[in-house]
file final.csv (CSV, C-alpha atoms)
chain,number,residue,atom,x,y,z
V,534,MET,CA,0.0,0.0,0.0
V,535,ALA,CA,1.4,3.4,-0.9
V,536,GLY,CA,2.4,5.5,2.1
V,537,ALA,CA,0.3,8.5,1.2
V,538,ALA,CA,-2.8,6.3,1.0
V,539,VAL,CA,-2.8,5.6,4.7
V,540,LEU,CA,-1.8,9.0,6.0
V,541,GLY,CA,-4.1,10.3,8.6
V,542,ARG,CA,-6.2,7.2,8.8
V,543,LEU,CA,-6.5,7.0,12.6
V,544,THR,CA,-10.2,7.2,13.0
V,545,TRP,CA,-12.5,6.6,16.0
V,546,ARG,CA,-14.3,3.3,15.6
V,547,VAL,CA,-16.9,1.6,17.7
V,548,ALA,CA,-15.6,-1.2,19.8
V,549,THR,CA,-18.0,-3.8,21.2
V,550,VAL,CA,-17.1,-5.7,24.4
V,551,THR,CA,-17.3,-9.4,23.8
V,552,ARG,CA,-15.9,-10.7,27.1
V,553,VAL,CA,-15.1,-9.4,30.5
V,554,VAL,CA,-12.6,-11.0,32.8
V,555,GLU,CA,-12.3,-9.9,36.5
V,556,GLU,CA,-8.5,-10.0,37.1
V,557,THR,CA,-8.4,-8.4,40.6
V,558,PRO,CA,-11.0,-6.5,42.6
V,559,ARG,CA,-9.8,-3.3,40.8
V,560,VAL,CA,-8.8,-4.6,37.4
V,561,ARG,CA,-10.7,-6.0,34.5
V,562,THR,CA,-9.7,-7.3,31.1
V,563,LEU,CA,-12.0,-6.5,28.2
V,564,GLU,CA,-12.0,-8.3,24.9
V,565,LEU,CA,-13.2,-6.1,22.1
V,566,GLU,CA,-14.6,-6.6,18.6
V,567,ILE,CA,-13.6,-3.7,16.4
V,568,PRO,CA,-14.9,-3.7,12.8
V,569,GLY,CA,-12.0,-3.0,10.4
V,570,TRP,CA,-9.4,-3.7,13.0
V,571,SER,CA,-6.1,-4.3,11.1
V,572,GLY,CA,-4.2,-6.0,13.8
V,573,HIS,CA,-1.5,-4.7,16.1
V,574,ILE,CA,2.1,-5.1,17.2
V,575,ALA,CA,2.9,-6.2,20.7
V,576,GLY,CA,3.4,-3.2,23.0
V,577,GLN,CA,1.0,-0.9,21.1
V,578,HIS,CA,-2.0,0.8,22.7
V,579,VAL,CA,-5.5,2.2,21.8
V,580,ASP,CA,-7.1,5.4,22.9
V,581,VAL,CA,-10.6,4.9,24.4
V,582,ARG,CA,-13.1,7.8,24.2
V,583,LEU,CA,-16.3,8.0,26.3
V,584,THR,CA,-18.9,10.6,25.5
V,585,ALA,CA,-21.4,11.7,28.1
V,586,GLU,CA,-25.0,12.5,27.4
V,587,ASP,CA,-24.2,16.2,27.6
V,588,GLY,CA,-21.4,15.8,25.0
V,589,TYR,CA,-18.5,15.9,27.5
V,590,ARG,CA,-15.7,13.6,26.3
V,591,ALA,CA,-12.9,11.9,28.1
V,592,GLU,CA,-10.0,10.0,26.5
V,593,ARG,CA,-7.5,7.5,28.0
V,594,ALA,CA,-4.8,5.3,26.5
V,595,TYR,CA,-4.8,1.6,27.3
V,596,SER,CA,-2.1,-0.9,26.2
V,597,LEU,CA,-3.2,-3.9,24.1
V,598,ALA,CA,-2.7,-7.0,26.2
V,599,SER,CA,-3.3,-9.6,23.5
V,600,ALA,CA,-0.8,-11.0,21.1
V,601,PRO,CA,-0.8,-9.9,17.4
V,602,GLY,CA,-3.3,-12.1,15.6
V,603,GLU,CA,-5.6,-12.3,18.7
V,604,ALA,CA,-8.7,-10.2,19.3
V,605,PRO,CA,-7.8,-6.8,20.8
V,606,VAL,CA,-7.9,-6.9,24.5
V,607,ILE,CA,-7.3,-4.1,27.1
V,608,THR,CA,-6.7,-4.4,30.8
V,609,VAL,CA,-8.1,-1.5,32.9
V,610,GLU,CA,-7.3,-0.6,36.5
V,611,ARG,CA,-9.9,1.4,38.3
V,612,LEU,CA,-8.7,4.8,39.5
V,613,GLU,CA,-11.1,6.2,42.2
V,614,ASP,CA,-11.1,9.7,40.7
V,615,GLY,CA,-10.9,8.5,37.1
V,616,GLU,CA,-13.2,9.7,34.3
V,617,VAL,CA,-12.9,6.6,32.2
V,618,SER,CA,-11.8,3.6,34.3
V,619,PRO,CA,-14.8,3.5,36.7
V,620,TYR,CA,-17.1,2.9,33.7
V,621,LEU,CA,-14.8,0.3,32.1
V,622,THR,CA,-14.2,-1.6,35.4
V,623,GLN,CA,-17.6,-1.5,37.0
V,624,GLU,CA,-20.4,-0.8,34.5
V,625,VAL,CA,-19.5,-2.1,31.1
V,626,ARG,CA,-21.0,-5.4,30.1
V,627,PRO,CA,-20.6,-7.7,27.1
V,628,GLY,CA,-22.5,-6.1,24.2
V,629,ASP,CA,-21.8,-2.6,25.4
V,630,ALA,CA,-19.8,-0.3,23.0
V,631,PHE,CA,-17.5,2.7,23.2
V,632,GLU,CA,-15.1,4.5,20.8
V,633,VAL,CA,-11.5,3.5,20.3
V,634,ARG,CA,-8.7,4.5,17.9
V,635,GLY,CA,-5.6,2.6,17.2
V,636,PRO,CA,-3.4,0.7,17.2
V,637,ILE,CA,-1.0,3.4,18.3
V,638,GLY,CA,2.8,3.5,18.9
V,639,GLY,CA,6.0,2.5,17.1
V,640,TYR,CA,8.5,2.9,20.0
V,641,PHE,CA,7.3,0.7,22.8
V,642,VAL,CA,6.8,-2.3,20.6
V,643,TRP,CA,8.4,-5.7,20.2
V,644,ARG,CA,8.6,-7.6,16.9
V,645,PRO,CA,10.0,-11.1,16.8
V,646,ASP,CA,12.8,-9.9,14.6
V,647,ASP,CA,13.9,-7.6,17.3
V,648,GLY,CA,15.1,-10.7,19.2
V,649,GLY,CA,16.3,-10.5,22.8
V,650,PRO,CA,17.0,-11.7,25.3
V,651,LEU,CA,14.0,-9.9,26.7
V,652,PHE,CA,14.0,-8.3,30.1
V,653,LEU,CA,10.5,-7.0,31.0
V,654,ALA,CA,9.9,-4.9,34.1
V,655,ALA,CA,6.3,-4.1,35.0
V,656,GLY,CA,4.7,-2.1,37.8
V,657,GLY,CA,1.0,-2.8,38.5
V,658,SER,CA,-1.1,-2.6,35.3
V,659,GLY,CA,2.1,-1.9,33.4
V,660,VAL,CA,2.1,-5.6,32.9
V,661,ALA,CA,-0.5,-5.4,30.1
V,662,PRO,CA,1.9,-4.8,27.2
V,663,MET,CA,4.2,-7.4,28.7
V,664,ARG,CA,1.4,-10.0,28.4
V,665,ALA,CA,1.2,-9.1,24.7
V,666,ILE,CA,4.9,-9.7,24.2
V,667,LEU,CA,5.0,-12.9,26.2
V,668,ARG,CA,1.9,-14.3,24.5
V,669,GLN,CA,3.3,-13.6,21.0
V,670,ARG,CA,6.6,-15.2,22.0
V,671,ARG,CA,4.7,-18.3,23.2
V,672,ASN,CA,2.4,-18.4,20.2
V,673,ILE,CA,5.2,-18.4,17.6
V,674,MET,CA,7.4,-20.7,19.8
V,675,SER,CA,10.1,-18.1,19.7
V,676,GLU,CA,13.4,-19.2,21.2
V,677,VAL,CA,14.1,-15.7,22.5
V,678,ARG,CA,14.8,-15.9,26.3
V,679,ALA,CA,12.4,-13.7,28.3
V,680,ARG,CA,12.1,-12.8,32.0
V,681,LEU,CA,9.4,-10.6,33.6
V,682,LEU,CA,10.1,-8.8,36.8
V,683,TYR,CA,6.6,-7.8,38.1
V,684,SER,CA,6.0,-5.5,41.0
V,685,SER,CA,2.6,-5.5,42.7
V,686,ARG,CA,1.4,-4.2,46.0
V,687,THR,CA,-0.1,-7.4,47.3
V,688,ILE,CA,-0.7,-10.9,45.9
V,689,GLU,CA,-4.4,-10.0,45.3
V,690,ASP,CA,-3.2,-7.2,43.0
V,691,VAL,CA,-1.3,-9.5,40.7
V,692,ILE,CA,-3.0,-9.4,37.2
V,693,TYR,CA,-3.0,-12.5,34.9
V,694,ARG,CA,-1.9,-14.6,37.9
V,695,ALA,CA,-3.2,-17.8,36.5
V,696,GLU,CA,-1.6,-17.2,33.1
V,697,LEU,CA,1.9,-16.0,33.9
V,698,ASP,CA,4.4,-18.7,33.6
V,699,GLU,CA,6.1,-19.0,36.9
V,700,GLU,CA,9.4,-19.9,35.2
V,701,GLU,CA,9.4,-16.6,33.3
V,702,VAL,CA,8.2,-14.3,36.1
V,703,VAL,CA,9.8,-13.0,39.2
V,704,HIS,CA,7.3,-11.3,41.5
V,705,THR,CA,8.0,-8.7,44.1
V,706,LEU,CA,5.2,-7.7,46.5
V,707,THR,CA,5.9,-4.2,47.9
V,708,ARG,CA,3.1,-3.7,50.4
V,709,ALA,CA,2.1,-7.0,52.0
V,710,GLN,CA,3.0,-10.6,51.5
V,711,PRO,CA,0.9,-13.7,52.1
V,712,PRO,CA,2.1,-16.2,54.8
V,713,GLY,CA,5.0,-18.3,53.6
V,714,TRP,CA,5.9,-15.9,50.7
V,715,THR,CA,9.4,-16.7,49.6
V,716,GLY,CA,9.6,-14.1,46.7
V,717,TYR,CA,10.9,-10.6,46.9
V,718,ALA,CA,9.1,-8.2,49.2
V,719,ARG,CA,10.4,-4.7,48.3
V,720,ARG,CA,10.5,-2.1,45.7
V,721,VAL,CA,12.7,-2.8,42.7
V,722,ASP,CA,16.2,-1.4,43.4
V,723,ALA,CA,19.6,-1.8,42.0
V,724,ASP,CA,20.4,-4.9,44.0
V,725,LEU,CA,17.2,-6.6,42.9
V,726,LEU,CA,17.8,-5.8,39.3
V,727,ARG,CA,21.4,-7.1,39.6
V,728,LYS,CA,19.9,-10.5,40.8
V,729,VAL,CA,17.0,-10.7,38.3
V,730,ALA,CA,17.9,-8.9,35.1
V,731,TRP,CA,19.9,-10.7,32.3
V,732,PRO,CA,23.6,-9.6,32.5
V,733,ALA,CA,24.4,-6.6,30.3
V,734,GLY,CA,26.9,-8.9,28.5
V,735,ASP,CA,24.0,-10.8,26.9
V,736,VAL,CA,23.0,-7.5,25.2
V,737,PRO,CA,19.4,-7.7,26.4
V,738,LEU,CA,16.4,-5.7,25.1
V,739,ALA,CA,14.5,-4.2,28.0
V,740,PHE,CA,10.9,-3.0,28.2
V,741,VAL,CA,9.8,-1.1,31.3
V,742,CYS,CA,6.2,0.0,31.9
V,743,GLY,CA,4.4,1.3,35.0
V,744,PRO,CA,4.0,4.4,37.1
V,745,THR,CA,6.5,7.1,36.4
V,746,SER,CA,8.6,6.7,39.5
V,747,PHE,CA,8.9,2.9,38.9
V,748,VAL,CA,9.8,3.3,35.2
V,749,GLU,CA,12.5,6.0,35.9
V,750,SER,CA,14.2,4.1,38.8
V,751,VAL,CA,14.2,0.8,36.9
V,752,ALA,CA,15.4,2.3,33.6
V,753,ALA,CA,18.2,4.2,35.5
V,754,GLY,CA,19.1,0.9,37.3
V,755,LEU,CA,19.4,-1.0,34.1
V,756,VAL,CA,21.6,1.6,32.5
V,757,GLU,CA,23.8,1.5,35.6
V,758,LEU,CA,24.1,-2.3,35.1
V,759,GLY,CA,25.5,-1.6,31.7
V,760,TYR,CA,22.3,-1.9,29.5
V,761,ALA,CA,22.6,0.3,26.4
V,762,PRO,CA,20.1,3.2,26.9
V,763,GLY,CA,18.8,2.7,23.3
V,764,ARG,CA,17.8,-0.9,24.3
V,765,VAL,CA,15.8,0.2,27.3
V,766,LYS,CA,12.3,1.1,26.1
V,767,THR,CA,10.1,2.9,28.6
V,768,GLU,CA,6.4,3.7,28.9
V,769,ARG,CA,5.0,5.7,31.8
V,770,PHE,CA,1.4,5.9,32.9
V,771,GLY,CA,-0.1,7.9,35.6
V,772,ALA,CA,-3.3,8.5,37.5
V,773,THR,CA,-4.5,10.8,34.7
V,774,GLY,CA,-3.0,8.9,31.8
V,775,GLY,CA,-4.8,5.6,32.0
V,776,ARG,CA,-2.9,2.7,30.5
R,1356,MET,CA,1.2,17.4,37.8
R,1357,GLU,CA,2.4,13.9,36.8
R,1358,ARG,CA,5.2,13.5,34.3
R,1359,LEU,CA,4.4,11.0,31.5
R,1360,ASP,CA,6.2,10.4,28.2
R,1361,GLY,CA,5.5,10.7,24.5
R,1362,ASN,CA,3.8,7.3,24.2
R,1363,ALA,CA,0.8,8.8,26.0
R,1364,ILE,CA,0.1,11.2,23.2
R,1365,GLY,CA,0.8,8.8,20.3
R,1366,GLY,CA,-2.8,8.9,19.2
R,1367,MET,CA,-3.0,12.7,19.3
R,1368,LEU,CA,0.3,13.1,17.4
R,1369,PHE,CA,-0.9,10.6,14.8
R,1370,TYR,CA,-4.1,12.6,14.4
R,1371,VAL,CA,-2.1,15.9,14.0
R,1372,PHE,CA,0.7,14.6,11.8
R,1373,GLY,CA,-1.1,11.9,9.9
R,1374,ARG,CA,1.4,9.2,10.8
R,1375,GLU,CA,3.1,7.3,13.7
R,1376,MET,CA,5.2,9.9,15.5
R,1377,THR,CA,6.5,8.3,18.7
R,1378,MET,CA,9.7,7.1,16.9
R,1379,ALA,CA,10.3,10.5,15.2
R,1380,ARG,CA,13.4,12.1,16.6
R,1381,ALA,CA,13.0,15.5,18.2
R,1382,GLU,CA,15.9,17.9,18.6
R,1383,CYS,CA,15.6,20.4,21.4
R,1384,GLY,CA,15.9,24.0,20.2
R,1385,HIS,CA,17.6,25.0,23.5
R,1386,CYS,CA,20.2,22.3,24.4
R,1387,GLY,CA,20.3,20.3,21.2
R,1388,ALA,CA,19.5,16.9,22.8
R,1389,ARG,CA,17.9,14.5,20.4
R,1390,GLY,CA,15.7,11.5,21.0
R,1391,PRO,CA,12.5,9.8,20.0
R,1392,LEU,CA,9.3,11.7,20.9
R,1393,ALA,CA,8.3,8.7,23.0
R,1394,GLU,CA,11.1,9.6,25.4
R,1395,CYS,CA,10.2,13.2,25.8
R,1396,GLU,CA,8.5,14.4,29.0
R,1397,VAL,CA,4.7,14.9,28.6
R,1398,TYR,CA,2.3,16.7,30.9
R,1399,LEU,CA,-1.3,16.1,30.3
R,1400,GLY,CA,-3.1,17.7,33.3
R,1401,GLY,CA,-3.3,21.3,32.1
R,1402,PRO,CA,-5.5,23.0,29.5
R,1403,GLY,CA,-3.2,21.6,26.8
R,1404,VAL,CA,-0.5,19.0,26.3
R,1405,VAL,CA,3.0,20.2,27.0
R,1406,VAL,CA,6.0,18.2,25.7
R,1407,ARG,CA,9.4,19.0,27.2
R,1408,CYS,CA,13.0,18.1,26.6
R,1409,ARG,CA,14.0,15.3,28.9
R,1410,VAL,CA,17.5,16.7,29.4
R,1411,CYS,CA,17.0,20.5,29.9
R,1412,HIS,CA,13.1,20.5,30.3
R,1413,ASN,CA,12.7,23.2,27.6
R,1414,VAL,CA,9.2,23.3,26.2
R,1415,LEU,CA,9.3,21.6,22.8
R,1416,MET,CA,5.7,21.4,21.8
R,1417,VAL,CA,2.3,22.6,23.1
R,1418,LEU,CA,-0.9,21.0,21.7
R,1419,VAL,CA,-4.3,22.5,22.7
R,1420,GLU,CA,-7.4,20.7,21.7
R,1421,VAL,CA,-10.6,22.7,21.4
R,1422,ARG,CA,-13.5,20.6,20.2
R,1423,GLU,CA,-12.3,19.0,17.0
R,1424,MET,CA,-9.5,21.6,16.4
R,1425,ILE,CA,-5.9,21.1,17.7
R,1426,CYS,CA,-3.6,24.2,17.9
R,1427,VAL,CA,0.0,23.1,17.7
R,1428,ASP,CA,3.1,25.2,18.8
R,1429,LEU,CA,6.4,23.6,17.8
R,1430,GLY,CA,8.4,26.7,18.6
R,1431,GLY,CA,10.8,24.9,21.1
R,1432,LEU,CA,11.9,22.3,18.6
R,1433,GLY,CA,15.2,22.6,16.7
R,1434,ALA,CA,14.3,19.8,14.3
R,1435,LEU,CA,11.9,16.9,13.9
R,1436,ASP,CA,13.4,13.9,12.0
R,1437,LEU,CA,10.7,11.6,10.7
R,1438,SER,CA,13.0,9.1,9.0
R,1439,ALA,CA,13.5,7.0,12.2
R,1440,GLY,CA,9.9,5.8,12.1
R,1441,ALA,CA,9.9,5.1,8.4
R,1442,SER,CA,10.0,1.4,8.8
R,1443,ASP,CA,6.8,1.5,10.9
R,1444,GLN,CA,3.7,-0.3,9.5
R,1445,SER,CA,1.9,3.0,9.1
R,1446,VAL,CA,4.0,4.2,6.3
R,1447,SER,CA,5.0,0.8,4.7
call {"tool": "encode", "arguments": {"input": "final.csv", "output": "structure tokens"}}
result
Amino acid sequence: MAGAAVLGRLTWRVATVTRVVEETPRVRTLELEIPGWSGHIAGQHVDVRLTAEDGYRAERAYSLASAPGEAPVITVERLEDGEVSPYLTQEVRPGDAFEVRGPIGGYFVWRPDDGGPLFLAAGGSGVAPMRAILRQRRNIMSEVRARLLYSSRTIEDVIYRAELDEEEVVHTLTRAQPPGWTGYARRVDADLLRKVAWPAGDVPLAFVCGPTSFVESVAAGLVELGYAPGRVKTERFGATGGR
Amino acid sequence: MERLDGNAIGGMLFYVFGREMTMARAECGHCGARGPLAECEVYLGGPGVVVRCRVCHNVLMVLVEVREMICVDLGGLGALDLSAGASDQSVS
């Protein structure tokens, strides 16, 4: 397709919810049906737009949590003062519809040709794009090594708990730990990264997604370990930024 | 106000420029630092979107959306190199 022919073609489309999965008390995963959806790359996101009866609109970005080739899926964490997430996590039902545009993003993406080894670090719902990467890797039986360091507040806050492969994932629970917890129980720091991340000599490709403070401390820690800054991809989300 | 990054405005930038922009390399008009728009600082909480240099924090871009119209001020940019994103699916 000629480049000019696709310029500007990022239009709002109507997405219909086909499935709702309760991940945690505050987090839901929504599977969407989007007519004309052209597929996505692992790591990309969509913008969601809600329009109130009086015409007021609110937009938020949410990472796609499904692998390329699978139906588009977003994972939404409820923010108490949010404009979009309370609706998506409490009210929406299969059959309901809202507007989306996407897929969006060319920076925080992983294509199988990019290789690895992959070091993924996620804080809270920042795990959503990591799920897309890990699912694609599994679907295509990629031999790229991958490890996910996943920071959650408590065990109840761990998203995709049943799906994450325990051999690939290292959990840290920062606020409270269940009885008998033998995993990490602190915020990600330089010492933890040194133990968990692939050595810099393996020339890893790193993806870091989560709240701003998490992303900045992990990215700085990886560069300190010798990771090339150009191979540490970062994506920040905040209380106002969705994702 | 919380500091995000250029990924958060990928949709808005695509709408304004008609192509994927997070890989486009922005050069700061103040300090000369260069890097993908995805790595620039972004502040969403105000009346408009403010994009700042992640090195010297100079304002690179301001985007203000009023109904369907977006006003764009690129005055803080030294240059915007679109070739870095040329391999992206949106222009293939």
call {"tool": "residues_around", "arguments": {"input": "final.csv", "residues": "segment 1394-1408 of chain R", "least_positions_apart": "6", "cutoff": "7 Å", "atoms": "only C-alpha atoms", "output": "ChimeraX atom specification"}}
result
/R:1356-1361,1383,1414-1420
call {"tool": "residues_around", "arguments": {"input": "final.csv", "residues": "Pro558 of chain V", "least_positions_apart": "5", "cutoff": "12 Å", "atoms": "all atoms listed in the file", "output": "list in words"}}
result
Val609, Glu610, Arg611, Leu612, Thr622, Gln623, Thr687, Ile688, Glu689, Asp690, Val691 and Ile692 of chain V
call {"tool": "residues_around", "arguments": {"input": "final.csv", "residues": "Pro645 of chain V", "least_positions_apart": "5", "cutoff": "10 Å", "atoms": "only C-alpha atoms", "output": "list in words"}}
result
Ile574, Ala575, Ile666, Gln669, Arg670, Ile673, Ser675, Glu676 and Val677 of chain V
call {"tool": "closest_atom_pairs", "arguments": {"input": "final.csv", "of": "chain R", "to": "chain V", "cutoff": "8 Å", "atoms": "only C-alpha atoms", "output": "Markdown table"}}
result
| residue | atom | partner | partner_atom | distance |
| --- | --- | --- | --- | --- |
| R:Glu1357 | CA | V:Gly771 | CA | 6.6 |
| R:Arg1358 | CA | V:Thr745 | CA | 6.9 |
| R:Leu1359 | CA | V:Arg769 | CA | 5.3 |
| R:Asp1360 | CA | V:Arg769 | CA | 6.0 |
| R:Asn1362 | CA | V:Glu768 | CA | 6.5 |
| R:Ala1363 | CA | V:Ala594 | CA | 6.6 |
| R:Gly1365 | CA | V:Gly638 | CA | 5.8 |
| R:Gly1366 | CA | V:Ile637 | CA | 5.9 |
| R:Phe1369 | CA | V:Gly541 | CA | 7.0 |
| R:Tyr1370 | CA | V:Gly541 | CA | 6.2 |
| R:Phe1372 | CA | V:Gly541 | CA | 7.2 |
| R:Gly1373 | CA | V:Gly541 | CA | 3.6 |
| R:Arg1374 | CA | V:Leu540 | CA | 5.8 |
| R:Glu1375 | CA | V:Gly638 | CA | 6.4 |
| R:Met1376 | CA | V:Gly639 | CA | 7.6 |
| R:Thr1377 | CA | V:Tyr640 | CA | 5.9 |
| R:Met1378 | CA | V:Tyr640 | CA | 5.4 |
| R:Pro1391 | CA | V:Tyr640 | CA | 8.0 |
| R:Ala1393 | CA | V:Tyr640 | CA | 6.5 |
| R:Glu1394 | CA | V:Thr767 | CA | 7.5 |
| R:Leu1399 | CA | V:Gly774 | CA | 7.5 |
| R:Gly1400 | CA | V:Thr773 | CA | 7.2 |
| R:Gly1440 | CA | V:Gly639 | CA | 7.1 |
| R:Asp1443 | CA | V:Gly639 | CA | 6.3 |
| R:Ser1445 | CA | V:Val539 | CA | 6.9 |
| R:Val1446 | CA | V:Gly536 | CA | 4.7 |
| R:Ser1447 | CA | V:Gly536 | CA | 6.0 |
call {"tool": "atom_distance", "arguments": {"input": "final.csv", "atom1": "atom CA of Ala679 of chain V", "atom2": "atom CA of Phe740 of chain V"}}
result
10.8 Å
call {"tool": "atom_distance", "arguments": {"input": "final.csv", "atom1": "atom CA of Val1427 of chain R", "atom2": "atom CA of Met1367 of chain R"}}
result
10.9 Å
call {"tool": "residues_around", "arguments": {"input": "final.csv", "residues": "Val729 of chain V", "least_positions_apart": "6", "cutoff": "9 Å", "atoms": "all atoms listed in the file", "output": "list in words"}}
result
Arg680, Leu681, Leu682 and Val703 of chain V
call {"tool": "axis_aligned_box", "arguments": {"input": "final.csv", "around": "segment 1387-1390 of chain R", "padding_each_side": "3 Å", "output": "JSON"}}
result
{"center_x": 18.0, "center_y": 15.9, "center_z": 21.6, "size_x": 10.6, "size_y": 14.8, "size_z": 8.4}
call {"tool": "residues_near_point", "arguments": {"input": "final.csv", "point": "(-13.9, 20.6, 20.8)", "cutoff": "12 Å", "atoms": "all atoms listed in the file", "output": "MDAnalysis selection string"}}
result
(chainID V and resid 588:591) or (chainID R and resid 1419:1426)
call {"tool": "atom_distance", "arguments": {"input": "final.csv", "atom1": "atom CA of Pro605 of chain V", "atom2": "atom CA of Arg764 of chain V"}}
result
26.5 Å
call {"tool": "decode", "arguments": {"input": "final.csv", "residues": "segment 1365-1388 of chain R", "atoms": "C-alpha atoms", "output": "PDB file, in the first residue's frame"}}
result
ATOM      1  CA  GLY R1365       0.816   8.792  20.309  1.00  0.00           C
ATOM      2  CA  GLY R1366      -2.816   8.949  19.213  1.00  0.00           C
ATOM      3  CA  MET R1367      -3.008  12.728  19.315  1.00  0.00           C
ATOM      4  CA  LEU R1368       0.293  13.062  17.421  1.00  0.00           C
ATOM      5  CA  PHE R1369      -0.897  10.569  14.813  1.00  0.00           C
ATOM      6  CA  TYR R1370      -4.072  12.619  14.408  1.00  0.00           C
ATOM      7  CA  VAL R1371      -2.110  15.863  14.001  1.00  0.00           C
ATOM      8  CA  PHE R1372       0.720  14.625  11.777  1.00  0.00           C
ATOM      9  CA  GLY R1373      -1.117  11.855   9.919  1.00  0.00           C
ATOM     10  CA  ARG R1374       1.434   9.161  10.825  1.00  0.00           C
ATOM     11  CA  GLU R1375       3.059   7.298  13.668  1.00  0.00           C
ATOM     12  CA  MET R1376       5.190   9.866  15.502  1.00  0.00           C
ATOM     13  CA  THR R1377       6.541   8.283  18.696  1.00  0.00           C
ATOM     14  CA  MET R1378       9.698   7.131  16.867  1.00  0.00           C
ATOM     15  CA  ALA R1379      10.268  10.530  15.227  1.00  0.00           C
ATOM     16  CA  ARG R1380      13.418  12.121  16.637  1.00  0.00           C
ATOM     17  CA  ALA R1381      12.950  15.519  18.238  1.00  0.00           C
ATOM     18  CA  GLU R1382      15.857  17.907  18.600  1.00  0.00           C
ATOM     19  CA  CYS R1383      15.632  20.402  21.437  1.00  0.00           C
ATOM     20  CA  GLY R1384      15.914  23.982  20.228  1.00  0.00           C
ATOM     21  CA  HIS R1385      17.563  24.964  23.502  1.00  0.00           C
ATOM     22  CA  CYS R1386      20.154  22.295  24.406  1.00  0.00           C
ATOM     23  CA  GLY R1387      20.294  20.321  21.172  1.00  0.00           C
ATOM     24  CA  ALA R1388      19.515  16.950  22.791  1.00  0.00           C
TER      25      ALA R1388
END
